[in-house]
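Quick notes on the structure that follows.
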Amino acid sequence: MSNTYGEWLKETRRAAGLTQQELADAAVMTRSHIAHIEAGRRVPSKEDARRLDTALNTGNVLSSFLPDDDAAVADYFEAARLLEQQALTIREFALSYIPGILQTERYARAILGTSFPPVSEEECDRLVVTRLERAGVLDNPTNPAVWVLLDEAVLRRSVGGPDVMAKQILHLVELVQAGRVRVHVMPFTLGFHPLMDGMLTLMTFDDQPPVAYSEGLRMGKVHDSPSVVQELQSRYALALSDALPLKESLALLRTTAKDYGSR
């Protein structure tokens with residue numbers, strides 16, 4: 001991003017007579033996170049910007065002039081997308097489809113290109129490119145550490161046809177075999193489980209408190225309240241304890257991919 005935003009923040013902080021640590025304390029952030037924003041290495045979330053505005057008494061300037069981004073994502077997901085790029089750990093729960101950072105191009109296109117009213121081919125291409133760019137967080141061989149919890153419905157619902165599904169599931173298998181992600185499946189036989197309300201992403205960072213992102217039909221929300229995040233972390237842990245172990249989940253993935261491949 002352009003560093004104009006970060007430089008303005010630094011000048012405003014200094015004009016207020018605050019150190020980075022004092023501003024961090026006032027905005028309920030960490031000093032290193034403030035330093036990253038001022039240096040242009042991080043894009044603040046909307047909640048970050050709101051707290052900075054309050055701490056610096058700048059009205060809504062920092063909230064209103066967040067750096068522009070050309071990424072094609074839903075407005076409600078933008079804050080979560082930026083946090084996703086900064087996370088040390090990402091824990092995903094998917095109820096309906098493969099999480100975005102794990103999608104193949106054909107699977108992503110099958111999801112993004114079948115809306116109604118239909119989008120243009122150009123717009124679909126933009127959406128797909130943005131989704132695939134999100135997968136760039138996996139280019140680093142170690143960070144973020146990614147856990148994935150899949151409802152079995154994700155595997156059974158055919159998106160884009162058998163060939164697309166087979167290759168998408170095999171992509172997950174390859175990531176697991178490479179040790180890059182861990183995947184666990186919540187089998188249908190389990191019945192009700194504590195994450196059936198919708199999709200959930202849990203993220204931790206090296207310089208700010210953990211957050212959660214939940215999403216339903218055309219709506220999503222970043223949660224940074226410690227009590228809410230702790231509750232969602234507990235739900236995830238409880239669901240994970242009932243999921244199939246890694247070895248059994250991997251076997252189910254392989255079997256399901258083979259079934260799609262034979263159709």
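Each chain of the structure tokens is named A, B, ... in the order shown, its residues numbered from 1; ligands are numbered from 1 in display order.
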
Original post:
Among region 195-260 of chain A, which ones does DSSP place in alpha helix (DSSP H), written as a ChimeraX atom specification?
Top reply: /A:226-242,246-260

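Excluding Arg13 (chain A) itself and same-chain residues fewer than 6 positions from it, the residues having an atom within 9 Å of it are Thr19, Gln20, Leu23 and Leu56 of chain A, counting only C-alpha atoms.
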
May I have the residues from that selection written out with all heavy atoms, as a PDB file, in the first residue's frame?
```
ATOM      1  N   THR A  19       4.114   8.308  22.241  1.00  0.00           N
ATOM      2  CA  THR A  19       5.012   7.291  21.692  1.00  0.00           C
ATOM      3  C   THR A  19       4.162   6.204  21.052  1.00  0.00           C
ATOM      4  O   THR A  19       2.941   6.151  21.236  1.00  0.00           O
ATOM      5  CB  THR A  19       5.874   6.664  22.800  1.00  0.00           C
ATOM      6  OG1 THR A  19       5.007   5.951  23.708  1.00  0.00           O
ATOM      7  CG2 THR A  19       6.652   7.725  23.563  1.00  0.00           C
ATOM      8  N   GLN A  20       4.814   5.327  20.289  1.00  0.00           N
ATOM      9  CA  GLN A  20       4.073   4.201  19.710  1.00  0.00           C
ATOM     10  C   GLN A  20       3.419   3.360  20.801  1.00  0.00           C
ATOM     11  O   GLN A  20       2.285   2.905  20.649  1.00  0.00           O
ATOM     12  CB  GLN A  20       4.999   3.342  18.851  1.00  0.00           C
ATOM     13  CG  GLN A  20       5.415   3.982  17.545  1.00  0.00           C
ATOM     14  CD  GLN A  20       6.285   3.077  16.699  1.00  0.00           C
ATOM     15  OE1 GLN A  20       6.919   2.149  17.204  1.00  0.00           O
ATOM     16  NE2 GLN A  20       6.338   3.347  15.408  1.00  0.00           N
ATOM     17  N   LEU A  23       0.328   5.172  22.219  1.00  0.00           N
ATOM     18  CA  LEU A  23      -0.803   5.073  21.294  1.00  0.00           C
ATOM     19  C   LEU A  23      -1.361   3.655  21.283  1.00  0.00           C
ATOM     20  O   LEU A  23      -2.585   3.460  21.265  1.00  0.00           O
ATOM     21  CB  LEU A  23      -0.371   5.471  19.876  1.00  0.00           C
ATOM     22  CG  LEU A  23      -1.447   5.348  18.795  1.00  0.00           C
ATOM     23  CD1 LEU A  23      -2.685   6.169  19.143  1.00  0.00           C
ATOM     24  CD2 LEU A  23      -0.901   5.763  17.428  1.00  0.00           C
ATOM     25  N   LEU A  56      -6.617   9.167  18.997  1.00  0.00           N
ATOM     26  CA  LEU A  56      -5.968  10.385  18.530  1.00  0.00           C
ATOM     27  C   LEU A  56      -6.933  11.558  18.386  1.00  0.00           C
ATOM     28  O   LEU A  56      -6.523  12.655  17.994  1.00  0.00           O
ATOM     29  CB  LEU A  56      -5.271  10.123  17.189  1.00  0.00           C
ATOM     30  CG  LEU A  56      -4.064   9.189  17.244  1.00  0.00           C
ATOM     31  CD1 LEU A  56      -3.649   8.779  15.831  1.00  0.00           C
ATOM     32  CD2 LEU A  56      -2.901   9.855  17.977  1.00  0.00           C
TER      33      LEU A  56
END
```

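Shortest atom-to-atom contact with Ala35 (chain A) among A:Ser227, A:Gln208, A:Ser249, A:Ser158: A:Gln208, counting only C-alpha atoms.
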
Subject >> Separation of CA of Leu62 (chain A) from CA of Arg50 (chain A) in Å >> reply: 7.1 Å

Original post:
Smallest atom-to-atom distance to Arg91 (chain A): which of A:Thr201, A:Ser63, A:Ser225, A:Thr256, using only C-alpha atoms?
Top reply: A:Thr201

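Residue nearest Val154 (chain A) within the list A:Ala110, A:Arg180, A:Leu95, A:Leu190: A:Leu95 [criterion: smallest interatomic distance, only C-alpha atoms].
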
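Comparing A:Gln85, A:Ser120, A:Thr114, A:Ser96 by their smallest distance to Pro144 (chain A), the closest is A:Gln85 (using only C-alpha atoms).
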
**OP:** For Val185 (chain A), list every protein, DNA or RNA residue within 7 Å, evaluated using only C-alpha atoms, and leave out those in the same chain fewer than 2 positions away; present the list as an MDAnalysis selection string.
**Re:** chainID A and resid 149:152 183 187 243:244 249

Original post:
Do you know which residues are at most 8 Å from Gly6 (chain A) counting only C-alpha atoms, after dropping those on the same chain fewer than 4 positions away, and could you put them as a ChimeraX atom specification?
Top reply: /A:10,37-40

**OP:** Determine the nearest neighbour of Met165 (chain A) from the options A:Leu238, A:Leu250, A:Ala257, A:Leu202, counting only C-alpha atoms.
**Re:** A:Ala257
